[in-house]
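A.B. asks: Following this line is upload.txt, made up of compact mmCIF, C-alpha atoms (C1' of nucleotides):
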```txt
# COMPACT_ATOMS: atom_id res chain seq x y z
CA MET U 21 -28.70 19.78 -28.87
CA PRO U 22 -26.04 18.17 -31.09
CA LYS U 23 -26.71 14.62 -32.12
CA PRO U 24 -24.47 12.38 -29.97
CA ALA U 25 -21.49 10.94 -31.82
CA ALA U 26 -21.38 7.20 -32.43
CA PRO U 27 -19.78 5.51 -29.42
CA GLU U 28 -16.79 4.31 -31.48
CA ILE U 29 -15.93 7.89 -32.41
CA MET U 30 -16.19 9.03 -28.83
CA LEU U 31 -14.03 6.16 -27.53
CA ARG U 32 -11.40 6.91 -30.12
CA THR U 33 -11.48 10.63 -29.33
CA LEU U 34 -11.02 9.98 -25.63
CA LEU U 35 -8.09 7.63 -26.13
CA ARG U 36 -6.37 10.16 -28.38
CA GLN U 37 -6.14 12.45 -25.34
CA VAL U 38 -3.66 10.04 -23.75
CA PRO U 39 -0.28 11.49 -24.74
CA TYR U 40 1.78 8.30 -24.76
CA LEU U 41 -0.60 6.22 -26.88
CA THR U 42 0.20 6.26 -30.60
CA GLU U 43 -2.41 6.60 -33.30
CA THR U 44 -1.78 2.94 -34.12
CA ASP U 45 -2.38 1.91 -30.51
CA VAL U 46 -5.69 3.73 -30.48
CA GLY U 47 -6.71 2.24 -33.80
CA ASN U 48 -5.80 -1.30 -32.84
CA PHE U 49 -7.57 -1.02 -29.53
CA THR U 50 -10.81 0.52 -30.75
CA ALA U 51 -10.95 -2.10 -33.48
CA LEU U 52 -11.48 -4.73 -30.78
CA TRP U 53 -14.75 -3.22 -29.57
CA GLN U 54 -16.92 -5.00 -32.08
CA ARG U 55 -20.05 -5.96 -30.24
CA ARG U 56 -22.78 -3.39 -29.74
CA VAL U 57 -25.26 -3.83 -26.89
CA GLY U 58 -28.59 -2.08 -26.66
CA LEU U 59 -30.59 -2.07 -23.43
CA GLY U 60 -34.06 -0.83 -22.56
CA ARG U 61 -35.11 0.65 -19.27
CA GLY U 62 -34.94 -2.04 -16.57
CA ASP U 63 -32.84 -4.47 -18.61
CA PHE U 64 -29.82 -6.03 -16.96
CA LEU U 65 -26.31 -5.88 -18.28
CA ILE U 66 -25.34 -8.48 -15.70
CA GLN U 67 -27.07 -10.18 -12.80
CA ALA U 68 -25.48 -11.31 -9.55
CA GLY U 69 -24.12 -14.83 -9.97
CA GLN U 70 -23.13 -14.40 -13.61
CA VAL U 71 -19.51 -14.01 -14.59
CA GLU U 72 -18.58 -10.72 -16.22
CA HIS U 73 -16.77 -11.57 -19.44
CA ASN U 74 -16.85 -8.09 -20.94
CA LEU U 75 -15.69 -4.60 -20.43
CA TYR U 76 -18.22 -2.04 -21.64
CA PHE U 77 -18.06 1.47 -22.93
CA VAL U 78 -21.24 3.45 -22.36
CA GLY U 79 -22.13 5.34 -25.51
CA SER U 80 -25.36 6.75 -24.15
CA GLY U 81 -27.85 6.15 -21.37
CA LEU U 82 -27.59 5.58 -17.65
CA LEU U 83 -27.08 2.47 -15.56
CA ARG U 84 -26.85 1.66 -11.89
CA ILE U 85 -24.59 -0.87 -10.22
CA TYR U 86 -26.11 -2.36 -7.10
CA TYR U 87 -25.48 -5.03 -4.53
CA PRO U 88 -28.63 -7.05 -3.92
CA THR U 89 -29.28 -8.20 -0.36
CA GLN U 90 -32.28 -9.98 1.05
CA ALA U 91 -33.50 -6.75 2.62
CA GLU U 92 -32.67 -4.20 -0.07
CA GLU U 93 -30.70 -3.21 -3.14
CA ILE U 94 -27.66 -1.11 -2.27
CA CYS U 95 -26.52 1.22 -5.01
CA VAL U 96 -22.74 1.33 -5.35
CA GLY U 97 -22.27 3.28 -8.55
CA PHE U 98 -23.58 4.47 -11.88
CA GLY U 99 -22.63 4.09 -15.51
CA TYR U 100 -22.64 7.25 -17.59
CA ALA U 101 -22.05 8.09 -21.21
CA ASN U 102 -18.40 8.03 -22.29
CA ASN U 103 -17.24 5.90 -19.37
CA LEU U 104 -16.00 2.37 -19.02
CA LEU U 105 -18.18 0.02 -17.01
CA CYS U 106 -18.12 -3.53 -15.73
CA SER U 107 -18.61 -5.60 -12.62
CA PHE U 108 -14.95 -5.15 -11.83
CA PRO U 109 -14.17 -7.89 -9.29
CA SER U 110 -15.91 -10.41 -11.51
CA PHE U 111 -14.17 -9.13 -14.63
CA VAL U 112 -10.63 -9.23 -13.27
CA ALA U 113 -10.92 -12.43 -11.25
CA ASN U 114 -13.22 -14.32 -13.63
CA ARG U 115 -15.61 -15.26 -10.88
CA PRO U 116 -19.36 -14.79 -10.33
CA SER U 117 -20.44 -11.20 -9.81
CA ASP U 118 -21.85 -10.02 -6.50
CA TYR U 119 -23.41 -7.09 -8.30
CA CYS U 120 -26.20 -6.38 -10.74
CA ILE U 121 -25.95 -3.73 -13.41
CA GLN U 122 -29.25 -2.43 -14.68
CA ALA U 123 -30.20 0.16 -17.26
CA LEU U 124 -32.16 3.06 -15.77
CA ARG U 125 -33.00 4.22 -19.26
CA ARG U 126 -32.33 3.20 -22.83
CA CYS U 127 -28.59 2.57 -23.27
CA GLU U 128 -26.17 1.95 -26.07
CA LEU U 129 -22.92 0.19 -25.19
CA LEU U 130 -19.84 -1.23 -26.82
CA ALA U 131 -18.39 -4.48 -25.51
CA LEU U 132 -14.92 -5.98 -25.44
CA THR U 133 -14.15 -9.43 -24.10
CA ARG U 134 -11.80 -9.97 -21.20
CA ALA U 135 -9.63 -12.22 -23.33
CA ASP U 136 -9.18 -9.56 -26.01
CA PHE U 137 -8.61 -6.90 -23.41
CA GLN U 138 -6.03 -8.84 -21.43
CA GLN U 139 -4.19 -9.88 -24.52
CA PHE U 140 -3.98 -6.31 -25.67
CA VAL U 141 -2.72 -5.07 -22.31
CA GLU U 142 -0.07 -7.79 -22.19
CA SER U 143 1.08 -7.14 -25.73
CA ASN U 144 1.32 -3.35 -25.69
CA GLU U 145 3.58 -1.71 -23.17
CA ARG U 146 2.17 1.76 -23.66
CA PHE U 147 -1.32 0.53 -23.23
CA ALA U 148 -0.28 -1.38 -20.12
CA ARG U 149 0.90 1.93 -18.75
CA PHE U 150 -2.42 3.51 -19.60
CA TRP U 151 -4.30 0.76 -17.83
CA ARG U 152 -2.06 1.05 -14.80
CA ALA U 153 -2.80 4.78 -14.65
CA GLU U 154 -6.52 4.07 -14.97
CA LEU U 155 -6.35 1.59 -12.10
CA GLU U 156 -4.58 4.13 -9.94
CA ARG U 157 -7.11 6.79 -10.81
CA VAL U 158 -10.07 4.56 -10.03
CA LEU U 159 -8.46 3.35 -6.82
CA VAL U 160 -7.89 6.90 -5.61
CA GLY U 161 -11.53 7.62 -6.38
CA ARG U 162 -12.60 4.64 -4.29
CA ILE U 163 -10.47 5.75 -1.40
CA GLU U 164 -12.12 9.16 -1.45
CA ARG U 165 -15.50 7.55 -1.69
CA GLU U 166 -14.69 5.56 1.45
CA ILE U 167 -14.46 8.78 3.43
CA ASP U 168 -17.86 9.81 2.14
CA LEU U 169 -19.33 6.63 3.51
CA LEU U 170 -17.58 6.79 6.86
CA LEU U 171 -18.87 10.23 7.75
CA PRO U 172 -21.62 9.74 10.30
CA GLU U 173 -23.71 12.79 9.35
CA PRO U 174 -25.92 12.39 6.27
CA GLU U 175 -25.44 16.08 5.55
CA ARG U 176 -21.67 15.82 5.27
CA ARG U 177 -21.97 12.79 3.00
CA LEU U 178 -24.32 14.72 0.75
CA ASP U 179 -22.02 17.76 0.76
CA ARG U 180 -19.07 15.73 -0.42
CA LEU U 181 -21.01 14.15 -3.25
CA LEU U 182 -22.37 17.53 -4.31
CA LYS U 183 -18.81 18.82 -4.51
CA ARG U 184 -17.35 15.80 -6.24
CA SER U 185 -20.14 14.89 -8.68
CA PRO U 186 -22.77 17.61 -8.86
CA HIS U 187 -23.87 16.35 -12.28
CA ILE U 188 -25.36 13.13 -10.95
CA PHE U 189 -28.15 15.08 -9.26
CA GLN U 190 -29.35 16.09 -12.69
CA LEU U 191 -29.00 12.63 -14.19
CA VAL U 192 -29.97 10.08 -11.61
CA PRO U 193 -33.30 9.60 -9.79
CA LYS U 194 -32.92 10.74 -6.20
CA LYS U 195 -33.86 7.42 -4.70
CA TYR U 196 -30.77 5.78 -6.15
CA ILE U 197 -28.58 8.63 -4.98
CA ALA U 198 -30.06 8.19 -1.51
CA SER U 199 -29.10 4.52 -1.53
CA TYR U 200 -25.64 5.43 -2.82
CA LEU U 201 -25.29 7.86 0.09
CA ARG U 202 -26.53 5.33 2.61
CA MET U 203 -29.71 7.15 3.56
CA THR U 204 -33.41 6.95 2.79
CA PRO U 205 -35.01 9.02 0.03
CA GLU U 206 -36.90 10.88 2.76
CA THR U 207 -33.70 11.91 4.49
CA LEU U 208 -32.15 13.07 1.23
CA SER U 209 -35.26 15.02 0.36
CA ARG U 210 -35.28 16.78 3.73
CA LEU U 211 -31.66 17.80 3.37
CA ARG U 212 -32.41 19.73 0.21
CA MET K 26 8.07 -17.73 19.19
CA PRO K 27 10.62 -17.59 16.35
CA LYS K 28 12.60 -14.38 16.13
CA PRO K 29 11.09 -12.31 13.29
CA ALA K 30 13.19 -12.26 10.15
CA ALA K 31 14.78 -8.98 9.09
CA PRO K 32 12.32 -7.05 6.94
CA GLU K 33 14.57 -7.26 3.87
CA ILE K 34 14.51 -11.06 4.02
CA MET K 35 10.76 -11.10 4.34
CA LEU K 36 10.24 -8.67 1.46
CA ARG K 37 12.52 -10.74 -0.74
CA THR K 38 10.78 -13.95 0.24
CA LEU K 39 7.36 -12.53 -0.59
CA LEU K 40 8.45 -11.25 -3.98
CA ARG K 41 9.92 -14.63 -4.85
CA GLN K 42 6.39 -16.03 -4.67
CA VAL K 43 5.47 -14.04 -7.77
CA PRO K 44 6.00 -16.53 -10.60
CA TYR K 45 6.82 -14.09 -13.41
CA LEU K 46 9.47 -12.09 -11.52
CA THR K 47 13.03 -13.29 -12.06
CA GLU K 48 15.58 -13.62 -9.29
CA THR K 49 17.32 -10.59 -10.80
CA ASP K 50 14.12 -8.54 -10.70
CA VAL K 51 13.65 -9.37 -7.05
CA GLY K 52 17.25 -8.55 -6.24
CA ASN K 53 17.24 -5.24 -8.09
CA PHE K 54 14.02 -4.20 -6.50
CA THR K 55 14.82 -5.10 -2.91
CA ALA K 56 18.14 -3.31 -3.29
CA LEU K 57 16.22 -0.05 -3.63
CA TRP K 58 14.70 -0.28 -0.14
CA GLN K 59 17.61 1.26 1.64
CA ARG K 60 16.15 3.46 4.29
CA ARG K 61 15.01 1.95 7.57
CA VAL K 62 12.42 3.75 9.66
CA GLY K 63 11.76 3.07 13.31
CA LEU K 64 8.67 4.42 15.05
CA GLY K 65 7.57 4.41 18.67
CA ARG K 66 4.01 4.19 19.89
CA GLY K 67 2.13 7.31 18.86
CA ASP K 68 4.70 8.50 16.31
CA PHE K 69 3.48 9.58 12.90
CA LEU K 70 4.67 8.16 9.63
CA ILE K 71 2.85 10.98 7.87
CA GLN K 72 0.53 13.76 8.93
CA ALA K 73 -2.32 15.24 6.92
CA GLY K 74 -1.00 18.03 4.71
CA GLN K 75 2.38 16.43 4.09
CA VAL K 76 3.16 14.86 0.75
CA GLU K 77 3.86 11.15 0.81
CA HIS K 78 7.17 10.60 -0.97
CA ASN K 79 7.71 7.01 0.12
CA LEU K 80 6.27 3.60 -0.16
CA TYR K 81 6.79 1.57 3.02
CA PHE K 82 7.11 -2.07 3.86
CA VAL K 83 6.08 -2.91 7.40
CA GLY K 84 8.63 -5.25 8.97
CA SER K 85 6.99 -5.35 12.36
CA GLY K 86 4.49 -3.42 14.43
CA LEU K 87 1.05 -1.99 13.81
CA LEU K 88 -0.16 1.31 12.38
CA ARG K 89 -3.47 2.94 11.75
CA ILE K 90 -4.45 5.13 8.81
CA TYR K 91 -7.05 7.71 9.70
CA TYR K 92 -8.82 10.68 8.26
CA PRO K 93 -8.84 13.56 10.72
CA THR K 94 -11.95 15.70 10.84
CA GLN K 95 -12.81 18.51 13.17
CA ALA K 96 -15.15 16.28 15.09
CA GLU K 97 -13.26 12.99 15.14
CA GLU K 98 -10.57 10.75 13.67
CA ILE K 99 -12.00 8.22 11.24
CA CYS K 100 -9.99 5.05 10.90
CA VAL K 101 -9.74 3.85 7.30
CA GLY K 102 -7.17 1.09 7.56
CA PHE K 103 -4.26 -0.54 9.31
CA GLY K 104 -0.68 -1.37 8.51
CA TYR K 105 0.50 -4.85 9.45
CA ALA K 106 3.75 -6.72 9.34
CA ASN K 107 4.75 -7.90 5.85
CA ASN K 108 2.51 -5.48 4.01
CA LEU K 109 3.06 -2.44 1.89
CA LEU K 110 1.79 0.84 3.25
CA CYS K 111 1.48 4.47 2.21
CA SER K 112 -0.97 7.31 1.95
CA PHE K 113 -1.88 6.12 -1.51
CA PRO K 114 -3.62 9.11 -3.12
CA SER K 115 -0.80 11.35 -1.96
CA PHE K 116 1.86 8.89 -3.12
CA VAL K 117 0.52 8.41 -6.64
CA ALA K 118 -0.58 11.98 -7.30
CA ASN K 119 2.24 13.74 -5.44
CA ARG K 120 -0.15 15.96 -3.55
CA PRO K 121 -0.76 16.63 0.17
CA SER K 122 -2.17 13.73 2.09
CA ASP K 123 -5.66 13.86 3.57
CA TYR K 124 -4.67 11.09 5.95
CA CYS K 125 -2.46 10.54 8.95
CA ILE K 126 -0.59 7.31 9.56
CA GLN K 127 0.33 6.66 13.16
CA ALA K 128 2.15 3.84 14.90
CA LEU K 129 -0.04 2.07 17.45
CA ARG K 130 3.04 0.31 18.78
CA ARG K 131 6.73 0.13 18.08
CA CYS K 132 7.27 -0.39 14.33
CA GLU K 133 10.10 -1.19 11.98
CA LEU K 134 9.68 -0.17 8.35
CA LEU K 135 11.59 -0.07 5.10
CA ALA K 136 11.17 2.89 2.79
CA LEU K 137 11.45 3.38 -0.95
CA THR K 138 11.06 6.74 -2.66
CA ARG K 139 8.37 7.36 -5.24
CA ALA K 140 10.99 8.33 -7.78
CA ASP K 141 12.87 5.05 -7.37
CA PHE K 142 9.66 3.10 -7.39
CA GLN K 143 8.23 4.73 -10.49
CA GLN K 144 11.45 4.44 -12.36
CA PHE K 145 11.64 0.74 -11.57
CA VAL K 146 8.06 0.13 -12.67
CA GLU K 147 8.62 1.99 -15.92
CA SER K 148 11.85 0.18 -16.66
CA ASN K 149 10.83 -3.39 -15.91
CA GLU K 150 7.95 -4.87 -17.82
CA ARG K 151 7.53 -7.88 -15.53
CA PHE K 152 7.47 -5.68 -12.52
CA ALA K 153 4.96 -3.37 -14.19
CA ARG K 154 2.75 -6.43 -14.58
CA PHE K 155 3.19 -7.24 -10.91
CA TRP K 156 2.21 -3.72 -9.91
CA ARG K 157 -0.81 -3.82 -12.17
CA ALA K 158 -1.90 -7.05 -10.52
CA GLU K 159 -1.39 -5.49 -7.09
CA LEU K 160 -3.50 -2.49 -8.06
CA GLU K 161 -6.26 -4.78 -9.26
CA ARG K 162 -6.11 -6.81 -6.07
CA VAL K 163 -6.24 -3.76 -3.83
CA LEU K 164 -9.03 -2.23 -5.87
CA VAL K 165 -11.13 -5.36 -5.58
CA GLY K 166 -10.52 -5.26 -1.83
CA ARG K 167 -11.74 -1.68 -1.69
CA ILE K 168 -14.86 -2.53 -3.63
CA GLU K 169 -15.68 -5.27 -1.15
CA ARG K 170 -14.99 -2.93 1.72
CA GLU K 171 -17.49 -0.51 0.22
CA ILE K 172 -20.26 -3.05 0.72
CA ASP K 173 -19.25 -3.44 4.34
CA LEU K 174 -19.72 0.26 4.86
CA LEU K 175 -23.00 0.51 3.03
CA LEU K 176 -24.76 -2.12 5.10
CA PRO K 177 -27.06 -0.24 7.46
CA GLU K 178 -26.93 -2.75 10.34
CA PRO K 179 -23.83 -2.56 12.55
CA GLU K 180 -24.11 -6.30 13.11
CA ARG K 181 -23.83 -7.14 9.43
CA ARG K 182 -20.84 -4.86 9.07
CA LEU K 183 -19.15 -6.60 11.96
CA ASP K 184 -20.01 -10.03 10.55
CA ARG K 185 -18.36 -9.24 7.24
CA LEU K 186 -15.18 -7.99 8.86
CA LEU K 187 -15.05 -11.04 11.12
CA LYS K 188 -15.24 -13.25 8.03
CA ARG K 189 -12.79 -11.28 5.95
CA SER K 190 -10.16 -10.33 8.54
CA PRO K 191 -10.66 -12.20 11.79
CA HIS K 192 -7.03 -11.62 12.71
CA ILE K 193 -7.43 -7.89 13.22
CA PHE K 194 -9.54 -8.51 16.32
CA GLN K 195 -6.47 -10.01 17.94
CA LEU K 196 -4.11 -7.28 16.79
CA VAL K 197 -5.92 -3.98 16.92
CA PRO K 198 -7.50 -2.17 19.89
CA LYS K 199 -11.27 -2.40 19.60
CA LYS K 200 -11.83 1.33 19.56
CA TYR K 201 -10.04 1.65 16.24
CA ILE K 202 -11.95 -1.28 14.82
CA ALA K 203 -15.15 0.43 15.92
CA SER K 204 -14.18 3.57 14.02
CA TYR K 205 -13.21 1.46 11.00
CA LEU K 206 -16.68 -0.13 11.14
CA ARG K 207 -18.41 3.20 11.52
CA MET K 208 -19.79 2.59 14.99
CA THR K 209 -18.94 3.59 18.54
CA PRO K 210 -16.79 1.38 20.79
CA GLU K 211 -19.88 0.89 22.95
CA THR K 212 -21.88 -0.48 20.05
CA LEU K 213 -19.07 -2.82 19.05
CA SER K 214 -18.71 -4.00 22.61
CA ARG K 215 -22.43 -4.73 22.92
CA LEU K 216 -22.43 -6.75 19.72
CA ARG K 217 -19.92 -9.21 21.18
C1' DG S 12 6.54 -4.52 40.36
C1' DC S 13 4.25 -0.35 40.56
C1' DT S 14 1.83 3.37 38.76
C1' DA S 15 -0.58 5.83 35.41
C1' DA S 16 -2.64 5.86 31.17
C1' DC S 17 -5.33 3.58 28.25
C1' DT S 18 -9.01 0.28 27.17
C1' DC S 19 -13.19 -2.24 27.51
C1' DT S 20 -17.67 -3.00 29.34
C1' DT S 21 -22.20 -1.95 31.23
C1' DG S 22 -26.11 1.10 32.31
C1' DA S 23 -29.29 5.29 31.62
C1' DT S 24 -30.75 8.75 28.60
C1' DT S 25 -31.15 11.33 24.33
C1' DT S 26 -31.18 12.14 19.60
C1' DC S 27 -31.73 11.74 14.92
C1' DA S 28 -32.60 9.00 10.93
C1' DA S 29 -35.79 5.09 9.63
C1' DT S 30 -40.24 3.84 9.08
C1' DC S 31 -45.04 4.41 8.11
C1' DA S 32 -48.33 7.05 5.60
C1' DA S 33 -50.40 10.02 2.23
C1' DG S 34 -50.67 13.64 -1.39
C1' DG S 35 -48.80 15.88 -5.32
C1' DT S 36 -45.71 15.80 -9.25
C1' DT S 37 -43.14 14.13 -13.04
C1' DT S 38 -42.00 10.70 -16.41
C1' DG S 39 -42.50 7.08 -19.67
C1' DC S 40 -45.21 4.76 -22.85
C1' DC S 41 -49.11 3.65 -25.80
C1' DG P 19 -52.45 13.63 -25.32
C1' DG P 20 -53.76 10.93 -21.81
C1' DC P 21 -53.11 7.31 -18.59
C1' DA P 22 -50.45 4.73 -15.33
C1' DA P 23 -46.47 4.05 -12.99
C1' DA P 24 -42.72 5.88 -10.85
C1' DC P 25 -40.91 9.47 -8.18
C1' DC P 26 -40.53 13.19 -4.78
C1' DT P 27 -41.94 15.59 -0.79
C1' DT P 28 -43.93 16.42 3.78
C1' DG P 29 -45.73 14.96 8.29
C1' DA P 30 -46.13 11.83 12.51
C1' DT P 31 -44.19 8.18 15.02
C1' DT P 32 -40.81 4.77 16.33
C1' DG P 33 -36.58 2.72 17.33
C1' DA P 34 -31.74 1.88 17.23
C1' DA P 35 -27.38 3.71 17.93
C1' DA P 36 -25.03 7.79 19.95
C1' DT P 37 -24.00 10.03 23.92
C1' DC P 38 -23.15 10.55 28.76
C1' DA P 39 -21.33 8.41 32.75
C1' DA P 40 -18.89 5.35 35.72
C1' DG P 41 -16.22 1.51 37.05
C1' DA P 42 -13.39 -2.66 36.08
C1' DG P 43 -9.66 -4.47 33.65
C1' DT P 44 -5.38 -4.29 30.94
C1' DT P 45 -1.11 -2.52 29.14
C1' DA P 46 2.98 0.25 28.80
C1' DG P 47 6.77 2.38 30.73
C1' DC P 48 9.59 3.64 34.59
```
Take the structure from the file and write it as structure tokens.
C.D. replies:
Amino acid sequence: MPKPAAPEIMLRTLLRQVPYLTETDVGNFTALWQRRVGLGRGDFLIQAGQVEHNLYFVGSGLLRIYYPTQAEEICVGFGYANNLLCSFPSFVANRPSDYCIQALRRCELLALTRADFQQFVESNERFARFWRAELERVLVGRIEREIDLLLPEPERRLDRLLKRSPHIFQLVPKKYIASYLRMTPETLSRLR
Amino acid sequence: MPKPAAPEIMLRTLLRQVPYLTETDVGNFTALWQRRVGLGRGDFLIQAGQVEHNLYFVGSGLLRIYYPTQAEEICVGFGYANNLLCSFPSFVANRPSDYCIQALRRCELLALTRADFQQFVESNERFARFWRAELERVLVGRIEREIDLLLPEPERRLDRLLKRSPHIFQLVPKKYIASYLRMTPETLSRLR
DNA sequence: GCTAACTCTTGATTTCAATCAAGGTTTGCC
DNA sequence: GGCAAACCTTGATTGAAATCAAGAGTTAGC
């Protein structure tokens, strides 16, 4: 296996794929991601009630985003290597998070503050366009995910996830996938 | 009851609330909404398989957005007066819609083509900011809706909708609300 | 205003996923 | 490498919501 590239390199490489961002844009933006965050298994990136002040880039590791209720913890998403991650409603509205984000294994992240991020978006028209496209992409993903959750049959929900994100079955412990699919680990196990 | 204002007036009035849009921005934008669409009860604004070329503004009436499956029609949202409406994934990605949008009663809409819309967003930085803020707002709404759907108890799902959107219980036939809440009309009825 | 279609409610029964329980396996950590 | 904790699977039972069914109430359209 190749040694994973440093997260900064990977972030820069990914941004260079965006055709309308200039090399200067990419350089200026990646320069803002100064803070490195390391997490061990079980550590929290954010707990419910805290305000999310940062956007993160996952260099390596795996995290889960969950909504804690009195009865249970409902898994609503995962953080993978080479993806952005934050408690989004808290980040954009600057209000306490309803969600917890927890490392499921050792993780390495880069962090960028909301203030730096917002200032950059406001000051760079091309980057604003990039962010708009990202928002649209994520929103479309959420809308598709809504269908997954509305299907009454556990089997159809599983089918859709298998089609859309087969890789998570290799990465993520089944019990979290079960929660994400709104079923018990037993039900998921029996469907396989 | 006051006679409802013409949809153009209402659209203009709403946009004027946005502090960073100038009067000229508002005027230029509303001028693009030329086409009026009238629908009768049961008519379709779009059917699954068609590509959504328009963004709509609902002047009056009520519509449902649903995902048709072989077994059933799953309701994923509603269109109300004074709101924007479209089959979003189809509209932004220019691909066939997975959804149908149907009038539940007589409706009056304004339409704007994707081309006109995109061109305006690209050409007006203030408006691009407005659209970005809209995307963030809608995305946060979707994320909250996801929790609603993940709650295993029908009662808790109903509770959350009652808190978030009590008005829909006055506007929308219960059977569609039941589908939206992932339960049968019988279950919804018994919970009340 | 009348009629027909649609809607909502209530009751009886069935079904399927949750729960409870236990054994075997894998993973993480010292 | 070995131990402990976490994880996955399988089986038996339970329970809550779906389904089936019927009747009352409401709405839309002529």
A.B. asks: Show me, as a VMD selection string, the residues of chain K whose atoms get within 9 Å of chain U, using only C-alpha atoms for the distance check.
C.D. replies: chain K and resid 92 99 to 101 113 to 114 117 147 150 153 to 154 156 to 157 160 to 172 174 to 177 204 to 208
A.B. asks: Working over all C-alpha atoms in order, superimpose chain K onto chain U by least squares and state the RMSD in Å.
C.D. replies: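 Chain U versus chain K: RMSD of 0.0 Å.
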A.B. asks: Compile the contact shell of stretch 49-66 of chain K as number ranges by chain: residues with an atom at most 8 Å away, counting all atoms listed in the file, same-chain residues fewer than 6 positions apart removed.
C.D. replies: K: 33, 36-37, 40-41, 128-137, 141, 145, 152
A.B. asks: For the atom pair atom CA of U:Gln122 and atom CA of U:Ala26, what is the interatomic distance in Å to one decimal place?
C.D. replies: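 So the answer is 21.7 Å.
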A.B. asks: Taking only residues of chain P that have an atom at most 8 Å from an atom of chain U, what is each one's shortest atom pair and its distance in Å to one decimal, using only C-alpha atoms (C1' of nucleotides), in chain and number order, as CSV?
C.D. replies:
```
residue,atom,partner,partner_atom,distance
P:DC25,C1',U:Pro193,CA,7.8
P:DC26,C1',U:Ser209,CA,7.6
P:DT27,C1',U:Ser209,CA,6.8
```
A.B. asks: Find the residues in chain U near chain S: any atom within 9 Å counts, using all atoms listed in the file. Write them as a short mmCIF file (atom, residue, chain, number, x, y, z; two decimals) with C-alpha atoms, in the coordinates of the input.
C.D. replies:
```cif
data_model
loop_
_atom_site.label_atom_id
_atom_site.label_comp_id
_atom_site.auth_asym_id
_atom_site.auth_seq_id
_atom_site.Cartn_x
_atom_site.Cartn_y
_atom_site.Cartn_z
CA PRO U 174 -25.92 12.39 6.27
CA MET U 203 -29.71 7.15 3.56
CA THR U 204 -33.41 6.95 2.79
CA THR U 207 -33.70 11.91 4.49
#
```
A.B. asks: Report, in Å with one decimal, the straight-line distance from atom CA of K:Pro191 to atom CA of K:Gly102.
C.D. replies: 14.4 Å
A.B. asks: As an exercise, work out the distance from atom CA of K:Ile71 to atom CA of K:Asn108 in Å and give it to one decimal place.
C.D. replies: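 These atoms are spaced 16.9 Å apart.
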A.B. asks: How big is the axis-aligned box around all listed atoms of stretch 15-21 of chain S once 5 Å goes on each side, and where's its centre, in Å to one decimal, as JSON?
C.D. replies:
```
{"center_x": -11.4, "center_y": 1.4, "center_z": 31.3, "size_x": 31.6, "size_y": 18.9, "size_z": 18.2}
```
